[in-house]
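*Asks:* Sharing work.cif below, mmCIF, C-alpha atoms:
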data_start
loop_
_atom_site.label_atom_id
_atom_site.label_comp_id
_atom_site.auth_asym_id
_atom_site.auth_seq_id
_atom_site.Cartn_x
_atom_site.Cartn_y
_atom_site.Cartn_z
CA MET T 1154 -113.71 -237.24 1.24
CA ALA T 1155 -113.24 -233.79 2.65
CA THR T 1156 -112.46 -233.50 6.32
CA PHE T 1157 -113.23 -230.79 8.84
CA HIS T 1158 -112.16 -229.88 12.34
CA VAL T 1159 -114.01 -231.50 15.24
CA GLU T 1160 -113.63 -230.68 18.91
CA LEU T 1161 -115.33 -232.25 21.89
CA VAL T 1162 -114.86 -230.44 25.19
CA SER T 1163 -116.19 -231.02 28.66
CA PRO T 1164 -115.59 -228.59 31.53
CA GLU T 1165 -112.86 -230.83 32.82
CA LYS T 1166 -110.90 -231.38 29.64
CA LEU T 1167 -110.61 -231.40 25.89
CA LEU T 1168 -111.60 -234.93 24.90
CA PHE T 1169 -111.15 -234.83 21.18
CA ALA T 1170 -109.66 -232.42 18.71
CA GLY T 1171 -108.78 -233.33 15.19
CA GLN T 1172 -109.84 -233.75 11.59
CA ALA T 1173 -112.85 -235.89 10.82
CA GLU T 1174 -114.84 -236.95 7.81
CA SER T 1175 -118.16 -237.04 9.55
CA ALA T 1176 -119.58 -236.69 13.03
CA THR T 1177 -122.95 -237.91 14.25
CA VAL T 1178 -124.48 -236.11 17.20
CA PRO T 1179 -127.68 -236.90 19.14
CA SER T 1180 -129.63 -233.66 18.81
CA VAL T 1181 -132.91 -233.27 20.72
CA ASP T 1182 -134.80 -233.52 17.44
CA GLY T 1183 -133.05 -236.71 16.39
CA GLU T 1184 -129.64 -237.91 15.31
CA MET T 1185 -127.81 -235.68 12.92
CA THR T 1186 -124.68 -236.27 10.91
CA VAL T 1187 -122.41 -233.34 10.17
CA LEU T 1188 -120.13 -233.42 7.15
CA ALA T 1189 -117.52 -230.96 5.96
CA ALA T 1190 -118.83 -227.51 4.94
CA HIS T 1191 -122.06 -227.91 6.87
CA ALA T 1192 -124.15 -224.75 7.22
CA PRO T 1193 -123.71 -222.92 10.57
CA LEU T 1194 -125.97 -224.53 13.13
CA MET T 1195 -126.45 -224.65 16.84
CA ALA T 1196 -128.22 -227.61 18.39
CA VAL T 1197 -129.06 -228.81 21.87
CA LEU T 1198 -128.06 -232.42 22.40
CA LYS T 1199 -129.81 -235.10 24.38
CA PRO T 1200 -127.79 -237.69 26.29
CA GLY T 1201 -126.33 -240.12 23.81
CA VAL T 1202 -123.33 -241.11 21.77
CA VAL T 1203 -121.31 -238.85 19.51
CA GLN T 1204 -119.64 -240.76 16.68
CA ILE T 1205 -116.65 -239.28 14.98
CA ARG T 1206 -115.26 -240.89 11.83
CA ASP T 1207 -111.80 -239.80 10.79
CA ALA T 1208 -110.14 -239.95 7.36
CA ASN T 1209 -108.94 -243.52 7.95
CA GLN T 1210 -112.50 -244.64 8.68
CA ASN T 1211 -111.68 -245.14 12.36
CA ILE T 1212 -114.69 -244.48 14.50
CA ARG T 1213 -114.49 -242.84 17.90
CA ARG T 1214 -117.56 -243.07 20.09
CA LEU T 1215 -118.08 -240.81 23.08
CA PHE T 1216 -121.01 -240.60 25.43
CA VAL T 1217 -122.17 -237.05 26.17
CA ARG T 1218 -124.74 -235.60 28.52
CA GLY T 1219 -126.07 -232.08 28.65
CA GLY T 1220 -124.42 -230.88 25.52
CA PHE T 1221 -124.51 -228.47 22.60
CA ALA T 1222 -123.24 -228.80 19.09
CA ASP T 1223 -121.93 -225.66 17.44
CA VAL T 1224 -121.28 -225.97 13.72
CA ASN T 1225 -119.51 -223.00 12.20
CA PRO T 1226 -117.14 -222.42 9.27
CA ALA T 1227 -114.22 -223.37 11.52
CA GLY T 1228 -115.72 -226.79 12.19
CA LEU T 1229 -117.83 -228.60 14.76
CA THR T 1230 -117.55 -227.98 18.47
CA VAL T 1231 -119.43 -230.19 20.88
CA LEU T 1232 -119.77 -228.77 24.38
CA ALA T 1233 -120.85 -231.32 26.95
CA GLU T 1234 -121.43 -231.09 30.65
CA TYR T 1235 -120.28 -234.66 30.97
CA ALA T 1236 -118.42 -236.71 28.38
CA ILE T 1237 -116.62 -240.03 28.42
CA PRO T 1238 -115.30 -242.30 25.65
CA VAL T 1239 -117.65 -245.27 25.32
CA GLU T 1240 -114.85 -247.80 25.69
CA GLU T 1241 -113.95 -246.30 29.09
CA ILE T 1242 -117.38 -246.84 30.58
CA ASP T 1243 -117.14 -249.47 33.29
CA THR T 1244 -120.45 -251.30 32.94
CA ALA T 1245 -120.15 -253.22 36.20
CA PHE T 1246 -119.48 -250.00 38.08
CA VAL T 1247 -122.35 -248.21 36.37
CA ASP T 1248 -124.67 -251.11 37.18
CA SER T 1249 -123.78 -250.91 40.85
CA GLN T 1250 -124.32 -247.15 40.77
CA ILE T 1251 -127.73 -247.65 39.19
CA ARG T 1252 -128.66 -250.01 42.00
CA ASP T 1253 -127.46 -247.48 44.58
CA ALA T 1254 -129.42 -244.70 42.96
CA GLU T 1255 -132.57 -246.83 42.74
CA GLU T 1256 -132.23 -247.52 46.43
CA ASP T 1257 -131.93 -243.80 47.03
CA VAL T 1258 -135.18 -243.28 45.15
CA ARG T 1259 -136.94 -245.75 47.43
CA ASP T 1260 -135.40 -244.33 50.61
CA ALA T 1261 -135.87 -240.68 49.73
CA LYS T 1262 -137.76 -238.82 52.45
CA THR T 1263 -138.52 -235.56 50.71
CA PHE T 1264 -139.82 -234.84 47.26
CA GLU T 1265 -136.63 -233.03 46.25
CA ASP T 1266 -134.45 -235.93 47.30
CA LYS T 1267 -136.61 -238.30 45.36
CA GLN T 1268 -136.49 -236.13 42.29
CA ALA T 1269 -132.71 -235.77 42.46
CA ALA T 1270 -132.27 -239.51 42.88
CA SER T 1271 -134.57 -240.45 40.04
CA GLU T 1272 -132.81 -237.94 37.81
CA LYS T 1273 -129.60 -239.74 38.64
CA VAL T 1274 -131.13 -243.10 37.76
CA VAL T 1275 -132.18 -241.79 34.36
CA GLN T 1276 -128.72 -240.36 33.72
CA LEU T 1277 -127.04 -243.60 34.66
CA ARG T 1278 -129.41 -245.67 32.54
CA ASP T 1279 -128.55 -243.47 29.55
CA LEU T 1280 -124.91 -244.10 30.21
CA ARG T 1281 -125.48 -247.84 30.57
CA ALA T 1282 -127.46 -247.96 27.34
CA ALA T 1283 -124.66 -246.18 25.51
CA ALA T 1284 -122.13 -248.72 26.74
CA SER T 1285 -124.07 -251.80 25.75
CA ARG T 1286 -124.92 -250.69 22.26
CA MET Y 148 -78.15 -213.36 78.72
CA PRO Y 149 -79.59 -216.74 77.70
CA SER Y 150 -77.56 -219.75 78.69
CA LEU Y 151 -75.85 -221.94 76.11
CA LYS Y 152 -78.49 -224.60 76.61
CA ASP Y 153 -81.29 -222.12 75.90
CA LEU Y 154 -79.60 -221.07 72.68
CA ARG Y 155 -79.09 -224.66 71.61
CA ASN Y 156 -82.77 -225.38 72.21
CA ARG Y 157 -83.84 -222.33 70.31
CA ILE Y 158 -81.74 -223.27 67.29
CA ALA Y 159 -83.11 -226.82 67.34
CA SER Y 160 -86.69 -225.56 67.41
CA VAL Y 161 -86.16 -223.16 64.52
CA LYS Y 162 -84.57 -225.99 62.56
CA ALA Y 163 -87.61 -228.17 63.19
CA THR Y 164 -89.93 -225.37 62.02
CA GLN Y 165 -87.84 -224.89 58.92
CA LYS Y 166 -88.24 -228.55 58.06
CA ILE Y 167 -92.01 -228.22 58.34
CA THR Y 168 -92.22 -225.10 56.18
CA LYS Y 169 -89.94 -226.68 53.61
CA ALA Y 170 -92.13 -229.77 53.44
CA MET Y 171 -95.24 -227.61 53.12
CA GLN Y 172 -93.66 -225.69 50.30
CA MET Y 173 -92.89 -228.85 48.40
CA VAL Y 174 -96.37 -230.24 48.92
CA ALA Y 175 -97.84 -226.94 47.71
CA ALA Y 176 -95.61 -227.03 44.65
CA ALA Y 177 -96.84 -230.50 43.72
CA LYS Y 178 -100.46 -229.54 44.32
CA LEU Y 179 -100.00 -226.34 42.38
CA ARG Y 180 -98.88 -228.26 39.34
CA ARG Y 181 -102.00 -230.37 39.48
CA ALA Y 182 -104.28 -227.40 40.09
CA GLN Y 183 -102.72 -225.56 37.17
CA LEU Y 184 -103.27 -228.52 34.86
CA ALA Y 185 -106.91 -228.71 35.92
CA ALA Y 186 -107.37 -224.98 35.34
CA GLU Y 187 -105.80 -225.25 31.91
CA ALA Y 188 -107.93 -228.25 30.98
CA ALA Y 189 -111.07 -226.31 31.85
CA ARG Y 190 -110.13 -223.34 29.71
CA PRO Y 191 -111.24 -224.58 26.24
CA PHE Y 192 -114.77 -225.23 27.48
CA ALA Y 193 -115.11 -221.79 29.02
CA GLN Y 194 -113.76 -220.16 25.85
CA ARG Y 195 -116.12 -222.06 23.57
CA ILE Y 196 -119.14 -221.35 25.71
CA ASP Y 197 -118.18 -217.67 25.78
CA ARG Y 198 -118.08 -217.57 22.00
CA VAL Y 199 -121.34 -219.41 21.59
CA LEU Y 200 -123.02 -217.05 24.07
CA ALA Y 201 -121.65 -213.99 22.32
CA ASN Y 202 -123.03 -215.24 19.03
CA LEU Y 203 -126.42 -216.03 20.48
CA ALA Y 204 -126.79 -212.80 22.40
CA GLN Y 205 -125.91 -210.87 19.29
CA SER Y 206 -128.71 -212.42 17.33
CA ILE Y 207 -131.26 -211.98 20.11
CA GLY Y 208 -130.22 -208.46 20.99
CA PRO Y 209 -130.69 -206.60 24.24
CA GLY Y 210 -134.44 -206.13 23.76
CA ASP Y 211 -137.27 -207.09 26.06
CA GLY Y 212 -137.22 -210.68 24.91
CA ALA Y 213 -133.87 -211.37 26.56
CA PRO Y 214 -134.05 -213.85 29.46
CA PRO Y 215 -133.58 -212.42 32.98
CA LEU Y 216 -130.21 -214.12 33.39
CA ILE Y 217 -128.92 -211.62 30.80
CA ALA Y 218 -131.26 -208.69 31.26
CA GLY Y 219 -131.46 -208.86 35.05
CA THR Y 220 -134.60 -208.29 37.08
CA GLY Y 221 -134.67 -204.59 36.29
CA LYS Y 222 -133.71 -203.71 39.86
CA ASP Y 223 -130.52 -203.82 41.82
CA ASP Y 224 -131.75 -203.72 45.39
CA THR Y 225 -130.54 -207.06 46.65
CA HIS Y 226 -127.02 -208.18 46.02
CA LEU Y 227 -125.76 -211.69 46.46
CA LEU Y 228 -122.04 -211.97 47.07
CA ILE Y 229 -120.46 -215.37 46.61
CA ILE Y 230 -117.09 -215.30 48.30
CA ALA Y 231 -114.75 -218.15 47.53
CA THR Y 232 -111.76 -218.66 49.80
CA ALA Y 233 -109.61 -221.55 50.95
CA GLU Y 234 -110.33 -224.17 53.56
CA ARG Y 235 -106.92 -223.74 55.08
CA GLY Y 236 -104.68 -220.94 56.20
CA LEU Y 237 -100.89 -220.61 56.11
CA CYS Y 238 -100.99 -219.31 52.58
CA GLY Y 239 -99.82 -215.75 52.94
CA GLY Y 240 -102.27 -213.03 52.09
CA PHE Y 241 -104.44 -215.23 49.90
CA ASN Y 242 -107.56 -215.39 52.07
CA SER Y 243 -107.27 -211.93 53.57
CA SER Y 244 -106.92 -210.21 50.20
CA ILE Y 245 -110.12 -211.81 48.89
CA VAL Y 246 -111.91 -210.95 52.11
CA ARG Y 247 -110.64 -207.38 51.98
CA LEU Y 248 -111.98 -206.90 48.46
CA ALA Y 249 -115.31 -208.40 49.48
CA ARG Y 250 -115.48 -206.23 52.58
CA GLU Y 251 -114.95 -203.06 50.55
CA HIS Y 252 -117.73 -204.17 48.27
CA ILE Y 253 -120.09 -204.92 51.13
CA GLN Y 254 -119.42 -201.55 52.72
CA SER Y 255 -120.07 -199.60 49.55
CA LEU Y 256 -123.28 -201.56 48.89
CA LEU Y 257 -124.50 -201.06 52.43
CA SER Y 258 -123.78 -197.35 52.33
CA GLN Y 259 -125.91 -197.14 49.19
CA GLY Y 260 -128.74 -198.72 51.14
CA LYS Y 261 -128.78 -202.01 49.28
CA THR Y 262 -129.59 -205.35 50.82
CA VAL Y 263 -126.65 -207.72 50.95
CA LYS Y 264 -126.69 -211.50 51.12
CA ILE Y 265 -123.53 -213.53 51.38
CA ILE Y 266 -122.64 -217.09 50.48
CA THR Y 267 -119.18 -218.12 51.57
CA ILE Y 268 -117.28 -220.98 50.00
CA GLY Y 269 -114.49 -222.26 52.20
CA LYS Y 270 -113.98 -222.03 55.93
CA LYS Y 271 -111.51 -219.16 56.01
CA GLY Y 272 -113.76 -216.62 54.38
CA TYR Y 273 -116.59 -217.52 56.72
CA GLU Y 274 -114.38 -217.12 59.76
CA ALA Y 275 -113.18 -213.74 58.62
CA LEU Y 276 -116.61 -212.38 57.81
CA ARG Y 277 -118.80 -213.90 60.48
CA ARG Y 278 -117.81 -211.43 63.19
CA GLN Y 279 -118.83 -208.38 61.22
CA TYR Y 280 -121.50 -209.63 58.84
CA ALA Y 281 -123.00 -212.69 60.51
CA ASP Y 282 -126.54 -211.49 59.78
CA TYR Y 283 -125.92 -211.28 56.07
CA ILE Y 284 -124.42 -214.73 55.60
CA ILE Y 285 -127.20 -216.93 54.28
CA GLU Y 286 -125.14 -219.98 53.51
CA THR Y 287 -121.71 -221.48 53.90
CA VAL Y 288 -120.40 -224.06 51.49
CA ASP Y 289 -117.87 -226.53 52.72
CA LEU Y 290 -115.41 -228.00 50.26
CA ARG Y 291 -113.30 -229.84 52.80
CA ASP Y 292 -114.55 -233.25 51.73
CA VAL Y 293 -113.98 -232.51 48.07
CA LYS Y 294 -110.73 -234.14 47.02
CA THR Y 295 -110.72 -233.34 43.35
CA LEU Y 296 -112.74 -230.44 42.08
CA THR Y 297 -115.15 -231.83 39.50
CA PHE Y 298 -117.69 -229.97 37.47
CA ASP Y 299 -120.48 -231.59 39.50
CA VAL Y 300 -119.43 -229.65 42.58
CA ALA Y 301 -119.61 -226.34 40.73
CA ASP Y 302 -122.80 -227.38 38.99
CA ARG Y 303 -124.58 -228.01 42.26
CA LEU Y 304 -123.55 -224.56 43.45
CA GLY Y 305 -124.58 -222.97 40.18
CA LYS Y 306 -127.99 -224.61 40.30
CA LYS Y 307 -128.49 -223.39 43.85
CA ILE Y 308 -127.67 -219.85 42.81
CA ILE Y 309 -130.04 -219.99 39.88
CA ALA Y 310 -132.84 -221.45 41.98
CA ALA Y 311 -132.42 -218.56 44.41
CA PHE Y 312 -132.42 -216.09 41.52
CA GLU Y 313 -135.60 -217.54 40.08
CA ALA Y 314 -137.21 -217.38 43.51
CA GLY Y 315 -136.50 -213.65 43.43
CA GLU Y 316 -134.11 -213.71 46.37
CA PHE Y 317 -131.62 -211.35 44.76
CA ASP Y 318 -131.12 -209.13 41.73
CA VAL Y 319 -127.38 -209.13 41.17
CA ALA Y 320 -124.87 -211.86 41.93
CA THR Y 321 -121.15 -211.23 42.18
CA LEU Y 322 -118.48 -213.86 42.58
CA PHE Y 323 -115.27 -213.18 44.49
CA TYR Y 324 -112.19 -215.26 43.92
CA SER Y 325 -108.51 -214.95 43.29
CA GLU Y 326 -107.24 -215.10 39.77
CA PHE Y 327 -104.06 -217.02 39.25
CA ARG Y 328 -101.40 -215.07 37.36
CA SER Y 329 -98.24 -216.67 38.64
CA VAL Y 330 -96.78 -218.16 41.78
CA ILE Y 331 -96.03 -214.74 43.19
CA SER Y 332 -99.07 -212.91 41.85
CA GLN Y 333 -102.68 -213.76 42.56
CA ILE Y 334 -105.23 -211.08 41.91
CA PRO Y 335 -108.42 -210.92 43.97
CA THR Y 336 -111.25 -210.46 41.49
CA ALA Y 337 -114.93 -209.60 41.63
CA GLN Y 338 -116.94 -210.97 38.75
CA GLN Y 339 -120.57 -210.30 38.07
CA LEU Y 340 -122.41 -213.56 37.48
CA ILE Y 341 -126.03 -212.45 37.14
CA PRO Y 342 -127.00 -210.59 35.00
CA ALA Y 343 -124.38 -212.18 32.80
CA VAL Y 344 -121.72 -209.94 31.34
CA LEU Y 345 -121.47 -211.04 27.76
CA PRO Y 346 -118.11 -211.32 26.08
CA GLU Y 347 -117.33 -209.13 23.09
CA ARG Y 348 -118.09 -210.82 19.84
CA PRO Y 349 -114.92 -211.67 17.98
CA ASP Y 350 -114.78 -210.02 14.61
CA ASP Y 351 -114.03 -212.85 12.25
CA ALA Y 352 -115.64 -215.14 9.71
CA VAL Y 353 -116.80 -217.53 12.38
CA ALA Y 354 -118.74 -214.76 14.07
CA ASP Y 355 -120.34 -213.52 10.89
CA ALA Y 356 -121.90 -216.84 10.00
CA VAL Y 357 -125.67 -216.93 9.89
CA TYR Y 358 -126.78 -219.66 12.20
CA SER Y 359 -129.76 -221.90 12.17
CA TYR Y 360 -130.90 -223.09 15.57
CA GLU Y 361 -132.30 -226.35 16.75
CA PRO Y 362 -134.84 -226.28 18.38
CA ASN Y 363 -134.77 -222.43 18.58
CA GLU Y 364 -132.72 -219.57 19.94
CA GLU Y 365 -134.73 -218.95 23.08
CA GLU Y 366 -134.62 -222.55 24.15
CA ILE Y 367 -130.90 -222.80 23.54
CA LEU Y 368 -130.26 -219.66 25.54
CA GLU Y 369 -132.45 -220.97 28.32
CA THR Y 370 -130.36 -224.10 28.70
CA LEU Y 371 -127.06 -222.43 27.97
CA LEU Y 372 -127.26 -219.54 30.42
CA PRO Y 373 -127.68 -221.57 33.61
CA ARG Y 374 -124.86 -223.77 32.42
CA ASN Y 375 -122.73 -220.71 31.93
CA VAL Y 376 -123.22 -219.79 35.59
CA SER Y 377 -121.96 -223.22 36.63
CA VAL Y 378 -119.03 -222.92 34.25
CA GLN Y 379 -118.06 -219.56 35.70
CA VAL Y 380 -118.27 -220.93 39.24
CA PHE Y 381 -116.19 -223.92 38.19
CA ARG Y 382 -113.58 -221.70 36.61
CA ALA Y 383 -113.44 -219.48 39.70
CA LEU Y 384 -112.99 -222.48 41.97
CA LEU Y 385 -110.18 -223.85 39.82
CA GLU Y 386 -108.44 -220.48 39.68
CA ASN Y 387 -108.83 -220.22 43.42
CA ALA Y 388 -107.33 -223.65 43.98
CA ALA Y 389 -104.30 -222.79 41.86
CA SER Y 390 -103.94 -219.39 43.54
CA GLU Y 391 -104.14 -220.90 46.99
CA GLN Y 392 -101.36 -223.35 46.30
CA GLY Y 393 -99.27 -220.66 44.63
CA ALA Y 394 -99.72 -218.32 47.57
CA ARG Y 395 -98.89 -221.07 50.03
CA MET Y 396 -95.82 -222.02 48.07
CA SER Y 397 -94.35 -218.53 48.13
CA ALA Y 398 -95.38 -217.96 51.75
CA MET Y 399 -93.66 -221.15 52.81
CA ASP Y 400 -90.63 -220.34 50.70
CA ASN Y 401 -90.34 -217.06 52.60
CA ALA Y 402 -90.81 -218.80 55.91
CA THR Y 403 -88.08 -221.30 55.09
CA ARG Y 404 -85.70 -218.51 54.16
CA ASN Y 405 -86.51 -216.56 57.31
CA ALA Y 406 -85.91 -219.63 59.42
CA GLY Y 407 -82.54 -220.08 57.72
CA GLU Y 408 -81.59 -216.52 58.58
CA MET Y 409 -82.66 -216.92 62.15
CA ILE Y 410 -80.62 -220.10 62.48
CA LYS Y 411 -77.58 -218.25 61.18
CA LYS Y 412 -78.03 -215.41 63.66
CA GLN Y 413 -78.66 -217.67 66.60
CA THR Y 414 -75.67 -219.84 65.76
CA LEU Y 415 -73.50 -216.75 65.68
CA ILE Y 416 -74.70 -215.67 69.12
CA TYR Y 417 -74.26 -219.20 70.39
CA ASN Y 418 -70.66 -219.43 69.17
CA ARG Y 419 -69.80 -216.00 70.55
CA SER Y 420 -71.08 -216.74 74.00
CA ARG Y 421 -69.34 -220.10 73.94
CA GLN Y 422 -66.04 -218.41 73.11
CA ALA Y 423 -66.63 -215.75 75.75
CA MET Y 424 -67.18 -218.47 78.30
CA ILE Y 425 -63.96 -220.28 77.37
CA THR Y 426 -62.01 -217.03 77.52
CA LYS Y 427 -63.50 -216.25 80.88
CA GLU Y 428 -62.53 -219.66 82.25
CA LEU Y 429 -59.00 -219.31 80.91
CA ILE Y 430 -58.61 -215.89 82.57
CA GLU Y 431 -59.84 -217.35 85.81
CA ILE Y 432 -57.33 -220.22 85.64
CA ILE Y 433 -54.41 -217.95 84.73
CA SER Y 434 -55.14 -215.34 87.34
CA GLY Y 435 -55.62 -218.11 89.89
CA ALA Y 436 -52.20 -219.52 89.03
CA GLU Y 437 -50.57 -216.11 89.27
CA ALA Y 438 -51.98 -215.49 92.69
CA ILE Y 439 -50.24 -218.52 94.14
#
So that I can check it, write out the structure of this file as structure tokens.

*Replies:*
Amino acid sequence: MATFHVELVSPEKLLFAGQAESATVPSVDGEMTVLAAHAPLMAVLKPGVVQIRDANQNIRRLFVRGGFADVNPAGLTVLAEYAIPVEEIDTAFVDSQIRDAEEDVRDAKTFEDKQAASEKVVQLRDLRAAASR
Amino acid sequence: MPSLKDLRNRIASVKATQKITKAMQMVAAAKLRRAQLAAEAARPFAQRIDRVLANLAQSIGPGDGAPPLIAGTGKDDTHLLIIATAERGLCGGFNSSIVRLAREHIQSLLSQGKTVKIITIGKKGYEALRRQYADYIIETVDLRDVKTLTFDVADRLGKKIIAAFEAGEFDVATLFYSEFRSVISQIPTAQQLIPAVLPERPDDAVADAVYSYEPNEEEILETLLPRNVSVQVFRALLENAASEQGARMSAMDNATRNAGEMIKKQTLIYNRSRQAMITKELIEIISGAEAI
């Protein structure tokens, strides 16, 4: 099968760059798989897992949050505010962080604090869900 | 004429100082390497987001429909200056050159009758500006507790800036930082954040592609533009971190060399006066013997 160039970058580093057969990204309107020679497209992503399948059928899974997918003739570029390979997620650590954040929600004095804390809980739960799938 | 003991003490103290500056130089060199790596790692993201923005802006055009983060508020009465400096001194002209550029900017804005608001990042910039412009400083950001500069730090700042923009607190935002060219050259830079200055669209096949958007262009721009502000802040902070270490490294290198020179000079004086003393004693002994 034909391959195309895939890149996944977060502000802190380039997480993946290479040839792939297909890549599945969690767009806001639903999951979407990009193959070689896909029409140019720009999509907003929701938090979720990007799956990249290379020519040897190896699958790489990376969790992204706050991202965009840019499909152009040069290939697919995923821009993510936060990205981490799924196998590197430390579930025990995330669980403890979720508990901390939930506590913050309960202890929050002001509305803003509460909102920020519950946003964090949601983000962490997304991350946790990605790891356990 | 200082006594021999004074000279000895002076040489010892310069030697001790030289050891300190040498150690600081080496620490700065190690930190510089790390800061440079971080700055390089952040580059692909900034480049991609630039390209995506250029593409999007092209298809939307500069018409009335453009969001205020690109088009501005239509005024330029209130300017927000975000001045990023270091938390620590002893890094040559690094802090003062950023502050000087900012000061020139403030003066020219004030003389045009504009309102100026200042956010300082880092202690040194605040200290330098507070005497003259204390009334204009609306916030100081402290990065002393931040060990490694992550995107979250920049994102929080970026969100704060955007919230202030949406509340109508300013019309134009400019970011001051030092761009890292090399160890001996850091260039203080002023970069306009809001309204965003869009990069030139590259003229290649990638740029000519007709895009489809999901969900739609406006919504993508709306989420992308605030993120771009955070990315720019992040980039500036990383550049600043690398520049600071570079500036400190060369400043400390100079200091070490100067200390070496001073030791040489002082040792020469010390040896001369020691010899003079011996000669004097000899003359005294000989002339004493002759007198008998």

*Asks:* Distance cut-off 7 Å, counting all atoms listed in the file - which residues of chain Y neighbour chain T? Return them as a PyMOL selection string.

*Replies:* chain Y and resi 188-189+191-192+298+353+356-362+367

*Asks:* Take the selection from the previous step and output its residues with C-alpha atoms, as a JSON list (two decimals), keeping the file's coordinate frame.

*Replies:*
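out.json written:
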[["chain", "number", "residue", "atom", "x", "y", "z"],
["Y", 188, "ALA", "CA", -107.93, -228.25, 30.98],
["Y", 189, "ALA", "CA", -111.07, -226.31, 31.85],
["Y", 191, "PRO", "CA", -111.24, -224.58, 26.24],
["Y", 192, "PHE", "CA", -114.77, -225.23, 27.48],
["Y", 298, "PHE", "CA", -117.69, -229.97, 37.47],
["Y", 353, "VAL", "CA", -116.80, -217.53, 12.38],
["Y", 356, "ALA", "CA", -121.90, -216.84, 10.00],
["Y", 357, "VAL", "CA", -125.67, -216.93, 9.89],
["Y", 358, "TYR", "CA", -126.78, -219.66, 12.20],
["Y", 359, "SER", "CA", -129.76, -221.90, 12.17],
["Y", 360, "TYR", "CA", -130.90, -223.09, 15.57],
["Y", 361, "GLU", "CA", -132.30, -226.35, 16.75],
["Y", 362, "PRO", "CA", -134.84, -226.28, 18.38],
["Y", 367, "ILE", "CA", -130.90, -222.80, 23.54]]

*Asks:* Just how far from atom CA of Y:Lys270 is atom CA of Y:Ala383, in Å to one decimal?

*Replies:*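 Calculated distance between atom CA of Y:Ala383 and atom CA of Y:Lys270 is 16.4 Å.
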
*Asks:* In Å to one decimal, how far is atom CA of Y:Arg328 from atom CA of Y:Ala176?

*Replies:* 15.2 Å

*Asks:* Distance atom CA of Y:Glu187-atom CA of Y:Arg382, one decimal place?

*Replies:* 9.8 Å

*Asks:* Could you write out as JSON, numbers by chain the residues that the PyMOL selection byres ((chain T and resi 1157) around 10) matches in the shown file?

*Replies:* {"T": [1154, 1155, 1156, 1158, 1159, 1171, 1172, 1173, 1174, 1175, 1176, 1187, 1188, 1189, 1190, 1191, 1207, 1208, 1226, 1227, 1228, 1229]}

*Asks:* Selected by the PyMOL selection byres ((chain T and resi 1238-1253) around 8) in the shown coordinates: which residues, as a VMD selection string?

*Replies:* chain T and resid 1202 1213 to 1216 1236 to 1237 1254 to 1257 1274 1277 to 1278 1280 to 1281 1283 to 1284

*Asks:* Y:Ile410: which residues within 7 Å, counting all atoms listed in the file, same-chain residues fewer than 4 positions away excluded, as a list in words?

*Replies:*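 Within the cut-off, the hits are Ile158, Val161, Ala406 and Thr414 of chain Y.
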
*Asks:* Would you mind telling me which residue in Y:Gly407, Y:Pro373, Y:Pro149, Y:Gly236 lies nearest to Y:Ala275 when using only C-alpha atoms?

*Replies:*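 Among Y:Gly407, Y:Pro373, Y:Pro149, Y:Gly236, it is Y:Gly236 that comes nearest to Y:Ala275.
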
*Asks:* Please identify all polymer residues lying at most 9 Å from the point (-105.3, -213.8, 49.2) (file coordinates), using only C-alpha atoms, and present the result as a ChimeraX atom specification.

*Replies:* /Y:232,238-247,324-325,333-335,390-391,394

*Asks:* Considering all atoms listed in the file, can you say which of Y:Ala310, Y:Leu257, Y:Ile217, Y:Ile229 comes closest to Y:Glu286?

*Replies:*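 The closest residue to Y:Glu286 is Y:Ile229.
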
*Asks:* Could you check which of Y:Ala159, Y:Met171, Y:Val380, Y:Ala337 is closest to Y:Arg303, using only C-alpha atoms?

*Replies:* Y:Val380

*Asks:* Select, from Y:Ile253, Y:Gln338, Y:Ala301, Y:Thr262, the residue with the minimum atom-to-atom distance to Y:Gln279, counting only C-alpha atoms.

*Replies:*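 Result for the nearest residue to Y:Gln279: Y:Ile253.
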
*Asks:* Return stretch 247-253 of chain Y, completed with N, CA and C atoms, as a compact mmCIF listing (two decimals), keeping the file's coordinate frame.

*Replies:*
# COMPACT_ATOMS: atom_id res chain seq x y z
N ARG Y 247 -110.72 -208.84 51.96
CA ARG Y 247 -110.64 -207.38 51.98
C ARG Y 247 -111.44 -206.79 50.82
N LEU Y 248 -111.25 -207.38 49.63
CA LEU Y 248 -111.98 -206.90 48.46
C LEU Y 248 -113.49 -207.02 48.69
N ALA Y 249 -113.89 -208.17 49.24
CA ALA Y 249 -115.31 -208.40 49.48
C ALA Y 249 -115.84 -207.39 50.49
N ARG Y 250 -115.04 -207.13 51.51
CA ARG Y 250 -115.48 -206.23 52.58
C ARG Y 250 -115.71 -204.82 52.02
N GLU Y 251 -114.78 -204.39 51.17
CA GLU Y 251 -114.95 -203.06 50.55
C GLU Y 251 -116.26 -203.00 49.78
N HIS Y 252 -116.51 -204.08 49.06
CA HIS Y 252 -117.73 -204.17 48.27
C HIS Y 252 -118.97 -204.10 49.15
N ILE Y 253 -118.94 -204.87 50.22
CA ILE Y 253 -120.09 -204.92 51.13
C ILE Y 253 -120.35 -203.53 51.70
